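A.B. asks: Got a file for you: structure18.txt, compact mmCIF, C-alpha atoms and all ligand atoms.
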```
# COMPACT_ATOMS: atom_id res chain seq x y z
CA MET A 292 0.00 0.00 0.00
CA PRO A 293 1.45 3.40 -0.91
CA GLU A 294 1.98 5.77 2.00
CA PRO A 295 3.03 9.43 2.39
CA LEU A 296 6.60 9.88 1.19
CA GLN A 297 8.16 12.19 3.77
CA PRO A 298 7.56 9.99 6.86
CA ALA A 299 8.91 7.00 4.92
CA LEU A 300 12.09 8.93 4.08
CA ASP A 301 12.35 10.17 7.68
CA ARG A 302 12.42 6.54 8.84
CA LEU A 303 15.45 5.90 6.60
CA ARG A 304 17.55 8.67 8.18
CA PRO A 305 18.51 6.82 11.43
CA LEU A 306 19.22 3.62 9.45
CA LEU A 307 21.60 5.50 7.14
CA LEU A 308 23.40 7.21 10.01
CA ASP A 309 23.76 4.06 12.12
CA THR A 310 27.19 3.02 10.86
CA GLY A 311 27.17 0.10 13.33
CA GLY A 312 24.15 -1.51 11.69
CA LEU A 313 24.20 -0.24 8.12
CA VAL A 314 25.50 -2.68 5.52
CA ARG A 315 24.92 -0.63 2.40
CA ALA A 316 22.42 1.80 0.95
CA VAL A 317 21.80 2.97 -2.59
CA ALA A 318 19.77 5.93 -3.81
CA SER A 319 19.02 5.72 -7.51
CA GLY A 320 16.50 6.42 -10.25
CA ARG A 321 14.46 9.58 -10.42
CA ARG A 322 10.96 10.82 -9.83
CA ARG A 323 8.76 12.04 -12.67
CA THR A 324 10.22 15.10 -14.42
CA ALA A 325 12.84 15.50 -11.69
CA HIS A 326 16.59 14.96 -11.84
CA PRO A 327 18.44 14.16 -8.64
CA ASP A 328 21.89 15.59 -8.18
CA PRO A 329 23.91 13.35 -7.90
CA GLN A 330 22.33 10.74 -10.20
CA ARG A 331 23.16 7.91 -7.80
CA ALA A 332 24.62 7.61 -4.33
CA GLU A 333 25.90 4.65 -2.41
CA LEU A 334 26.52 4.66 1.33
CA ARG A 335 28.39 2.18 3.49
CA PRO A 336 30.34 2.15 6.73
CA VAL A 337 34.12 2.14 6.52
CA ASP A 338 36.90 2.20 9.12
CA LEU A 339 39.66 4.75 8.54
CA ARG A 340 42.50 5.36 10.97
CA GLY A 341 40.59 3.41 13.61
CA GLU A 342 37.43 5.50 13.32
CA ARG A 343 34.11 4.45 11.79
CA HIS A 344 33.04 6.70 8.88
CA LEU A 345 30.08 6.82 6.57
CA GLN A 346 31.45 6.48 3.05
CA VAL A 347 29.30 8.20 0.45
CA THR A 348 30.05 7.52 -3.20
CA SER A 349 28.05 9.74 -5.50
CA THR A 350 28.15 9.93 -9.25
CA ASP A 351 26.92 12.41 -11.81
CA GLY A 352 26.88 9.63 -14.38
CA ARG A 353 30.55 9.93 -15.27
CA ILE A 354 32.95 10.31 -12.37
CA PRO A 355 32.30 8.83 -8.92
CA VAL A 356 33.14 11.08 -5.97
CA VAL A 357 33.94 9.36 -2.68
CA ARG A 358 33.66 11.13 0.69
CA ASN A 359 34.29 9.62 4.10
CA LEU A 360 32.22 11.45 6.69
CA THR A 361 31.56 11.56 10.42
CA GLY A 362 29.34 13.56 12.78
CA ALA A 363 27.64 16.68 11.46
CA ASP A 364 29.09 16.19 7.95
CA ALA A 365 27.49 12.75 7.70
CA GLU A 366 24.18 14.09 9.05
CA SER A 367 23.98 17.00 6.62
CA THR A 368 25.00 14.82 3.66
CA VAL A 369 22.36 12.22 4.48
CA ALA A 370 19.73 14.97 4.92
CA GLY A 371 20.78 16.41 1.54
CA LEU A 372 20.51 13.04 -0.20
CA LEU A 373 17.11 12.31 1.34
CA ALA A 374 15.90 15.67 -0.01
CA GLN A 375 16.93 14.76 -3.57
CA PRO A 376 14.21 13.43 -5.93
CA PHE A 377 15.55 9.87 -6.15
CA GLY A 378 13.05 7.30 -7.38
CA ASN A 379 14.36 4.50 -5.14
CA TRP A 380 16.12 3.94 -1.86
CA HIS A 381 17.53 0.53 -1.03
CA VAL A 382 18.78 0.37 2.56
CA GLU A 383 20.32 -2.80 3.86
CA THR A 384 21.12 -3.14 7.55
CA ARG A 385 22.34 -6.13 9.50
CA ASP A 386 18.79 -7.19 10.26
CA SER A 387 16.59 -5.74 7.55
CA VAL A 388 16.33 -4.60 3.96
CA VAL A 389 14.11 -1.57 3.40
CA GLN A 390 13.20 -0.53 -0.12
CA VAL A 391 11.35 2.69 -0.79
CA ARG A 392 10.08 3.25 -4.30
CA VAL A 393 8.43 6.55 -5.18
CA THR A 394 5.24 5.99 -7.16
CA LYS A 395 4.07 8.12 -10.10
CA ARG A 396 1.75 9.91 -7.63
CA GLY A 397 4.68 10.83 -5.42
CA GLU A 398 3.84 8.38 -2.66
CA ALA A 399 6.14 5.81 -1.08
CA GLN A 400 5.83 2.10 -1.77
CA VAL A 401 7.78 0.60 1.13
CA HIS A 402 8.94 -2.99 1.27
CA THR A 403 10.74 -4.26 4.37
CA SER A 404 12.19 -7.71 4.81
CA GLU A 405 14.21 -9.25 7.58
CA GLN A 406 17.69 -10.58 7.04
CA THR A 407 20.69 -11.73 9.03
CA ALA A 408 23.73 -10.23 7.37
CA GLU A 409 27.32 -11.28 8.01
CA PRO A 410 29.33 -8.77 10.07
CA VAL A 411 30.04 -5.75 7.90
CA ASP A 412 33.46 -5.67 6.26
CA THR A 413 34.54 -2.10 6.86
CA THR A 414 38.08 -2.34 5.54
CA HIS A 415 38.82 0.60 3.33
CA ASP A 416 40.65 -1.33 0.58
CA ARG A 417 37.89 -3.87 0.01
CA ALA A 418 36.90 -2.19 -3.24
CA LYS A 419 40.38 -2.75 -4.68
CA ASN A 420 39.91 -6.52 -4.65
CA HIS A 421 36.32 -6.78 -5.85
CA LEU A 422 34.60 -5.05 -8.70
CA ILE A 423 31.29 -5.50 -6.91
CA ASP A 424 31.21 -5.08 -3.16
CA PRO A 425 30.85 -8.55 -1.55
CA ALA A 426 28.21 -6.99 0.72
CA ASP A 427 26.10 -6.04 -2.31
CA PRO A 428 22.52 -7.30 -1.78
CA LEU A 429 22.76 -8.83 -5.25
CA PHE A 430 24.94 -11.60 -3.85
CA THR A 431 22.51 -12.18 -1.01
CA VAL A 432 19.51 -12.59 -3.30
CA LEU A 433 21.52 -14.79 -5.66
CA GLY A 434 22.82 -16.87 -2.77
CA ALA A 435 26.32 -16.50 -4.25
CA ASP A 436 29.20 -18.05 -2.34
CA ALA A 437 32.82 -16.88 -2.43
CA ALA A 438 33.63 -19.03 -5.50
CA LYS A 439 30.75 -17.52 -7.47
CA ARG A 440 31.78 -14.02 -6.42
CA ARG A 441 35.31 -14.72 -7.71
CA GLN A 442 33.86 -15.89 -11.02
CA VAL A 443 31.78 -12.70 -11.20
CA ASP A 444 34.90 -10.62 -10.57
CA ALA A 445 36.91 -12.49 -13.18
CA PHE A 446 34.19 -11.97 -15.75
CA LEU A 447 33.75 -8.28 -14.93
CA ARG A 448 37.48 -7.70 -15.33
CA GLN A 449 37.10 -8.86 -18.94
CA LEU A 450 33.92 -6.89 -19.56
CA ALA A 451 34.94 -3.56 -18.01
CA PRO A 452 37.53 -2.38 -20.58
CA ILE A 453 35.32 -3.38 -23.51
CA ALA A 454 32.30 -1.59 -22.05
CA ARG A 455 34.33 1.60 -21.56
CA LYS A 456 35.62 1.35 -25.12
CA VAL A 457 32.27 0.86 -26.83
CA LYS A 458 30.17 3.23 -24.72
CA GLN A 459 28.63 5.92 -26.90
CA GLU A 460 28.14 9.48 -25.72
CA GLY A 461 24.56 10.74 -25.70
CA ARG A 462 22.72 7.45 -25.40
CA PRO A 463 22.58 4.59 -22.90
CA LEU A 464 24.82 1.57 -23.33
CA ARG A 465 22.78 -1.45 -24.54
CA VAL A 466 23.80 -4.95 -23.50
CA VAL A 467 22.12 -8.22 -24.49
CA ASP A 468 22.94 -11.55 -22.86
CA LEU A 469 21.88 -14.45 -25.09
CA GLY A 470 21.19 -17.73 -23.27
CA CYS A 471 21.36 -15.96 -19.91
CA GLY A 472 20.09 -18.95 -17.87
CA ASN A 473 19.74 -17.99 -14.21
CA ALA A 474 21.45 -14.72 -15.10
CA TYR A 475 23.77 -14.21 -12.17
CA LEU A 476 26.48 -12.97 -14.54
CA THR A 477 23.90 -10.81 -16.38
CA MET A 478 22.85 -9.22 -13.11
CA ALA A 479 26.42 -8.74 -11.94
CA ALA A 480 27.35 -7.19 -15.30
CA HIS A 481 24.39 -4.83 -15.08
CA ARG A 482 25.13 -3.83 -11.49
CA TYR A 483 28.76 -3.11 -12.33
CA LEU A 484 28.06 -1.25 -15.58
CA ALA A 485 25.35 0.88 -13.93
CA SER A 486 27.61 1.90 -11.08
CA GLU A 487 30.94 2.26 -12.90
CA VAL A 488 30.37 2.80 -16.62
CA ASP A 489 26.93 4.15 -17.46
CA PRO A 490 24.13 4.69 -14.92
CA GLY A 491 21.61 4.54 -17.78
CA VAL A 492 22.79 1.15 -19.09
CA GLN A 493 19.99 -1.02 -20.50
CA THR A 494 20.51 -4.78 -20.24
CA LEU A 495 18.31 -7.52 -21.62
CA GLY A 496 18.75 -11.17 -20.72
CA VAL A 497 17.32 -13.66 -23.22
CA ASP A 498 16.67 -17.33 -22.60
CA ILE A 499 14.55 -19.87 -24.38
CA ARG A 500 13.11 -21.16 -21.08
CA PRO A 501 10.10 -19.00 -20.10
CA GLU A 502 10.43 -19.81 -16.40
CA MET A 503 13.87 -18.19 -16.41
CA ALA A 504 12.55 -14.78 -17.52
CA GLU A 505 9.96 -14.78 -14.74
CA ARG A 506 12.34 -15.91 -12.04
CA ASN A 507 15.14 -13.57 -13.16
CA ALA A 508 12.86 -10.51 -13.24
CA ARG A 509 11.78 -11.28 -9.68
CA VAL A 510 15.36 -11.67 -8.43
CA ALA A 511 16.50 -8.51 -10.24
CA ALA A 512 13.70 -6.52 -8.57
CA GLN A 513 14.72 -7.89 -5.14
CA ALA A 514 18.29 -6.80 -5.80
CA GLY A 515 17.11 -3.30 -6.81
CA LEU A 516 18.42 -3.57 -10.38
CA GLU A 517 16.84 -1.02 -12.68
CA GLY A 518 17.23 -0.95 -16.45
CA LEU A 519 17.56 -4.75 -16.55
CA GLY A 520 14.90 -6.83 -18.30
CA PHE A 521 14.41 -10.44 -19.29
CA LYS A 522 12.77 -11.96 -22.30
CA ALA A 523 11.69 -15.54 -22.93
CA ALA A 524 12.81 -16.07 -26.51
CA SER A 525 15.16 -18.15 -28.58
CA ILE A 526 18.22 -16.53 -30.09
CA GLU A 527 16.58 -17.13 -33.47
CA GLU A 528 13.53 -15.13 -32.33
CA ALA A 529 15.73 -12.32 -31.01
CA ALA A 530 17.28 -12.12 -34.50
CA VAL A 531 14.01 -10.91 -36.01
CA ASP A 532 12.70 -8.94 -33.03
CA PRO A 533 12.77 -5.15 -33.55
CA GLU A 534 13.19 -4.67 -29.79
CA PHE A 535 16.84 -5.51 -30.32
CA THR A 536 18.17 -2.45 -32.03
CA GLY A 537 21.31 -0.53 -31.26
CA VAL A 538 22.90 -3.34 -29.24
CA ASP A 539 26.42 -2.34 -28.17
CA ILE A 540 27.58 -5.47 -26.36
CA VAL A 541 26.54 -9.09 -26.83
CA LEU A 542 27.24 -11.60 -24.07
CA ALA A 543 26.95 -15.34 -24.69
CA LEU A 544 28.21 -17.25 -21.69
CA HIS A 545 28.22 -21.01 -21.92
CA ALA A 546 25.43 -21.01 -24.46
CA CYS A 547 25.14 -24.64 -25.54
CA ASP A 548 26.94 -25.99 -28.62
CA THR A 549 25.97 -23.92 -31.69
CA ALA A 550 23.94 -21.42 -29.59
CA THR A 551 27.33 -19.69 -29.25
CA ASP A 552 27.54 -19.49 -33.06
CA ASP A 553 23.95 -18.20 -33.26
CA SER A 554 24.91 -15.51 -30.73
CA LEU A 555 28.11 -14.52 -32.50
CA ALA A 556 26.27 -14.36 -35.84
CA LEU A 557 23.66 -12.12 -34.29
CA ALA A 558 26.32 -9.87 -32.78
CA VAL A 559 27.81 -9.43 -36.25
CA ARG A 560 24.39 -8.77 -37.84
CA TRP A 561 23.51 -6.28 -35.11
CA GLN A 562 26.92 -4.69 -35.61
CA ALA A 563 27.53 -4.96 -31.88
CA ARG A 564 30.83 -3.29 -31.11
CA GLY A 565 31.69 -5.55 -28.19
CA VAL A 566 31.30 -9.31 -27.83
CA LEU A 567 32.15 -11.62 -24.93
CA ALA A 568 31.48 -15.29 -25.54
CA ALA A 569 32.47 -18.16 -23.27
CA PRO A 570 31.85 -21.24 -25.40
CA CYS A 571 30.31 -24.36 -23.91
CA CYS A 572 30.18 -27.85 -25.41
CA HIS A 573 31.55 -28.11 -28.97
CA GLN A 574 29.59 -30.90 -30.58
CA ASP A 575 29.12 -29.51 -34.06
CA ILE A 576 32.72 -29.64 -35.28
CA GLN A 577 33.40 -32.70 -33.16
CA ARG A 578 30.72 -34.55 -35.15
CA GLN A 579 32.23 -33.35 -38.40
CA LEU A 580 35.72 -34.37 -37.33
CA ALA A 581 34.56 -37.93 -36.75
CA ASP A 582 34.19 -38.19 -40.54
CA SER A 583 37.21 -36.10 -41.41
CA GLN A 584 40.69 -37.55 -41.70
CA GLY A 585 42.68 -34.32 -41.64
CA GLY A 586 45.20 -35.97 -43.96
CA ILE A 587 48.90 -36.55 -43.36
CA PRO A 588 50.32 -35.51 -40.92
CA PHE A 589 47.19 -34.47 -38.96
CA ALA A 590 45.04 -37.63 -38.89
CA GLY A 591 46.40 -38.68 -35.48
CA LEU A 592 44.82 -35.58 -33.90
CA THR A 593 41.36 -37.08 -34.27
CA ARG A 594 42.06 -40.81 -33.96
CA HIS A 595 41.32 -41.09 -30.24
CA ALA A 596 37.96 -39.85 -28.93
CA ILE A 597 39.42 -37.89 -26.02
CA LEU A 598 41.94 -36.10 -28.23
CA ARG A 599 39.33 -35.55 -30.93
CA GLU A 600 37.08 -33.91 -28.35
CA ARG A 601 39.85 -31.60 -27.12
CA PHE A 602 41.02 -30.82 -30.62
CA ALA A 603 37.42 -30.03 -31.65
CA ASP A 604 37.25 -27.46 -28.81
CA VAL A 605 40.41 -25.78 -30.08
CA LEU A 606 39.44 -25.94 -33.75
CA THR A 607 35.92 -24.61 -33.12
CA ASP A 608 37.10 -21.59 -31.15
CA THR A 609 39.99 -20.94 -33.54
CA VAL A 610 37.56 -20.82 -36.41
CA ARG A 611 35.15 -18.57 -34.49
CA ALA A 612 37.95 -16.15 -33.67
CA ASP A 613 39.19 -16.26 -37.30
CA LEU A 614 35.73 -15.53 -38.67
CA LEU A 615 35.21 -12.56 -36.34
CA ARG A 616 38.61 -11.23 -37.44
CA LEU A 617 37.65 -11.58 -41.09
CA LEU A 618 34.50 -9.60 -40.35
CA GLY A 619 36.27 -6.61 -38.83
CA TYR A 620 36.68 -7.49 -35.14
CA ARG A 621 39.85 -7.36 -33.08
CA VAL A 622 39.76 -10.65 -31.20
CA GLU A 623 41.46 -12.11 -28.16
CA VAL A 624 40.87 -15.55 -26.70
CA VAL A 625 41.72 -15.58 -23.01
CA GLU A 626 41.27 -17.72 -19.93
CA PHE A 627 38.82 -15.77 -17.82
CA ILE A 628 38.62 -17.92 -14.71
CA ASP A 629 40.76 -20.57 -13.11
CA SER A 630 40.03 -24.01 -14.62
CA ARG A 631 39.14 -25.28 -11.11
CA HIS A 632 35.89 -23.30 -11.39
CA THR A 633 34.95 -24.60 -14.83
CA PRO A 634 36.85 -26.43 -17.56
CA ARG A 635 34.93 -24.23 -20.03
CA ASN A 636 37.01 -21.22 -19.13
CA ALA A 637 37.99 -19.76 -22.48
CA LEU A 638 36.54 -16.40 -23.38
CA ILE A 639 36.35 -14.88 -26.85
CA ARG A 640 36.62 -11.09 -26.46
CA ALA A 641 36.03 -9.05 -29.54
CA VAL A 642 35.75 -5.37 -30.36
CA HIS A 643 34.61 -4.17 -33.76
CA THR A 644 37.20 -2.00 -35.50
CA GLY A 645 36.05 -2.41 -39.11
CA THR A 646 39.58 -3.27 -40.23
CA ALA A 647 39.57 -5.33 -43.44
CA PRO A 648 41.41 -8.66 -43.17
CA THR A 649 44.76 -9.19 -44.87
CA ALA A 650 45.06 -11.80 -47.62
CA ARG A 651 47.08 -13.92 -45.22
CA ARG A 652 44.28 -13.98 -42.65
CA VAL A 653 41.78 -14.97 -45.32
CA ALA A 654 44.08 -17.79 -46.49
CA GLU A 655 44.65 -19.00 -42.92
CA TYR A 656 40.92 -19.44 -42.48
CA THR A 657 40.02 -20.92 -45.86
CA GLU A 658 42.92 -23.41 -45.81
CA LEU A 659 42.18 -24.45 -42.24
CA VAL A 660 38.54 -25.36 -42.90
CA SER A 661 39.43 -26.98 -46.20
CA ALA A 662 42.21 -29.11 -44.64
CA TRP A 663 39.79 -30.40 -42.02
CA GLN A 664 36.80 -30.53 -44.36
CA VAL A 665 34.60 -28.82 -41.81
CA GLU A 666 31.75 -26.42 -42.30
CA PRO A 667 31.69 -24.23 -39.16
CA ALA A 668 28.21 -23.32 -37.91
CA LEU A 669 29.21 -19.66 -37.64
CA ALA A 670 30.33 -19.55 -41.29
CA GLU A 671 27.07 -21.15 -42.33
CA ARG A 672 25.05 -18.54 -40.31
CA LEU A 673 27.03 -15.69 -41.89
CA ARG A 674 27.38 -17.12 -45.39
CA PRO A 675 26.90 -13.87 -47.40
CA GLU A 676 29.27 -11.86 -45.15
CA VAL A 677 31.93 -14.58 -45.14
CA ASP A 678 31.69 -15.15 -48.91
CA ALA A 679 32.07 -11.43 -49.50
CA VAL A 680 35.42 -11.53 -47.71
CA THR A 681 36.77 -14.92 -48.75
CA LEU A 682 35.64 -14.92 -52.37
CA GLY A 683 36.71 -11.34 -52.90
C1 LIG A 701 24.68 -23.60 -19.77
S1 LIG A 701 23.43 -22.40 -19.61
C2 LIG A 701 24.38 -20.94 -19.32
C3 LIG A 701 23.61 -19.88 -18.59
C4 LIG A 701 24.36 -18.58 -18.29
N1 LIG A 701 24.70 -17.86 -19.48
C5 LIG A 701 25.59 -18.81 -17.44
O1 LIG A 701 26.70 -18.61 -17.92
O2 LIG A 701 25.43 -19.18 -16.27
C6 LIG A 701 22.87 -22.19 -21.29
C7 LIG A 701 21.56 -21.45 -21.39
O3 LIG A 701 21.31 -21.16 -22.77
C8 LIG A 701 19.92 -21.32 -23.03
N2 LIG A 701 19.78 -21.57 -24.46
C9 LIG A 701 20.25 -22.63 -25.16
N3 LIG A 701 19.93 -22.53 -26.46
C10 LIG A 701 19.24 -21.36 -26.59
C11 LIG A 701 18.64 -20.69 -27.69
N4 LIG A 701 18.72 -21.18 -28.93
N5 LIG A 701 18.01 -19.53 -27.46
C12 LIG A 701 17.97 -18.99 -26.21
N6 LIG A 701 18.50 -19.60 -25.12
C13 LIG A 701 19.14 -20.77 -25.31
C14 LIG A 701 19.51 -22.47 -22.13
O4 LIG A 701 18.12 -22.46 -21.83
C15 LIG A 701 20.38 -22.24 -20.89
O5 LIG A 701 19.69 -21.49 -19.91
```
As a first step, turn the structure in this file into structure tokens.
C.D. replies:
Amino acid sequence: MPEPLQPALDRLRPLLLDTGGLVRAVASGRRRTAHPDPQRAELRPVDLRGERHLQVTSTDGRIPVVRNLTGADAESTVAGLLAQPFGNWHVETRDSVVQVRVTKRGEAQVHTSEQTAEPVDTTHDRAKNHLIDPADPLFTVLGADAAKRRQVDAFLRQLAPIARKVKQEGRPLRVVDLGCGNAYLTMAAHRYLASEVDPGVQTLGVDIRPEMAERNARVAAQAGLEGLGFKAASIEEAAVDPEFTGVDIVLALHACDTATDDSLALAVRWQARGVLAAPCCHQDIQRQLADSQGGIPFAGLTRHAILRERFADVLTDTVRADLLRLLGYRVEVVEFIDSRHTPRNALIRAVHTGTAPTARRVAEYTELVSAWQVEPALAERLRPEVDAVTLG
């Protein structure tokens, strides 16, 4: 039930100033026709030189400003932030999470839930080691353990430089995650991009399983993620859906078998400037290799099933990287997380530069697929574009 706004905001003030109980608070969004200054603020307790401070990180959409405050400074800053026309307050304390959303009529929709948070980590250098604060409520709602948080960090370290590179001035960054599954990397990417790269970032997670879209939207709302949506659709459906225009970054993380190729093909067709794909199982080329001899001296590479499987992984991703290069992307293939977390730990990172391939690059690709007599799924999806480059 909506309630008057001012008393609801007044109830937040002591929670924000109680640096013994506060875990983290975020003020974000805006009310109708109003523009808060700053655009977003994040508050958390931090210990500096043996004294507890309230750390306030505010951003105008470009550069974050961090202040560590005590006493009257903290009180006046909190009062100033509460007076700003933010659309949402998310306040997490050690025993509760209070969310205040301002309705279109200017009333407060308050949601309070109980929680038992771990003791607050108030060390000042915590941010240096994690791209998303381990105390972020996102991890609580996702039930992420330390291993998952490390995987999130490793992934964000790959995403961050690409996102900064492809961000366009004057319009929000658009990210699409194809085959997002339970979307914990989608949500982490969105949280990070919104706080560090572009507060207006729009992210859409796509998965063929309808129950995923419903569940993910619910979790994202609990974590206070705005600008993040989910759609139940196949990658093939996304290809013809006008909702997907102006996509800057395509993510495809462990999308099964040729779903990675479908995603890469779509990224090329959408002219996405940034692509991050962590391939999953590689059955397509593996099947083709079973019939292919590779000729002398390569036949031994596919004679034994285990080696054929490993070689198929390498050949598939080599060909994917080659094709992206032929189509104007600068490509790196890197290990993005320790293989103890997942054996599928290669990541194809690509940024569109529009550079035409050299004759040598074209020959490398055409001779490779001809030697192994394979027809890569990605080449088949992008037949006209690939022919235009390889046939001259
Ligand atoms: C192994 S999960 C990976 C999920 C997530 N990206 C991650 O890294 O945790 C692969 C996901 O891709 C989805 N998927 C597979 N083929 C798809 C297609 N053609 N269109 C959309 N989603 C697809 C599956 O439903 C599944 O949720």
A.B. asks: Let me have all residues with an atom within 7 Å of ligand LIG 701 (chain A), counting all atoms listed in the file, laid out as a ChimeraX atom specification.
C.D. replies: /A:469-476,497-500,524-527,543-547,550
A.B. asks: Residues within 7 Å of Glu333 in chain A, please, as a list of chain:residue names. Count all atoms listed in the file; anything in the same chain fewer than 6 positions from it doesn't count.
C.D. replies: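 Final neighbour list, sorted by chain and number: A:Ala316, A:Val317, A:Ala318, A:Val347, A:Thr348, A:Ser349.
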A.B. asks: So which one's closest to Ser367 in chain A, A:Val393, A:Leu307, A:Val541, A:Val457? Using all atoms listed in the file, please.
C.D. replies: A:Leu307
A.B. asks: Using all atoms listed in the file for the distances, tell me which of A:Asp604, A:Asp678, A:Asp489, A:Asp548 is nearest to Glu460 in chain A.
C.D. replies: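 Closest to Glu460 in chain A of all the choices is A:Asp489.
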A.B. asks: Restricting the calculation to all atoms listed in the file: of A:Arg322, A:Arg482, A:Arg335, A:Arg465, which residue gets closest to Val443 in chain A?
C.D. replies: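 Closest residue, counting all atoms listed in the file: A:Arg482.
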A.B. asks: So, counting all atoms listed in the file, which residue among A:Ile576, A:Leu638, A:Leu592, A:Val314 is closest to Ala426 in chain A?
C.D. replies: A:Val314
A.B. asks: So which residues touch range 360-364 of chain A within 7 Å, counting only C-alpha atoms, skipping near sequence neighbours fewer than 4 positions away, as a list in words?
C.D. replies: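 Counting only C-alpha atoms, the residues come to His344, Leu345, Gln346 and Thr368 of chain A.
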A.B. asks: Between A:Leu516, A:Val467, A:Ala530, A:Ala596, which is the closest to Leu542 in chain A once you count all atoms listed in the file?
C.D. replies: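 When distances to Leu542 in chain A are compared using all atoms listed in the file, the smallest one comes from A:Val467.
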A.B. asks: Distance CA of Ala485 in chain A-CA of Gly619 in chain A, one decimal place?
C.D. replies: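 Between CA of Ala485 in chain A and CA of Gly619 in chain A the gap works out to 28.2 Å.
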A.B. asks: Which distance in Å separates CA of Glu655 in chain A and CA of Leu580 in chain A, to one decimal?
C.D. replies: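 Interatomic distance here is 18.6 Å.
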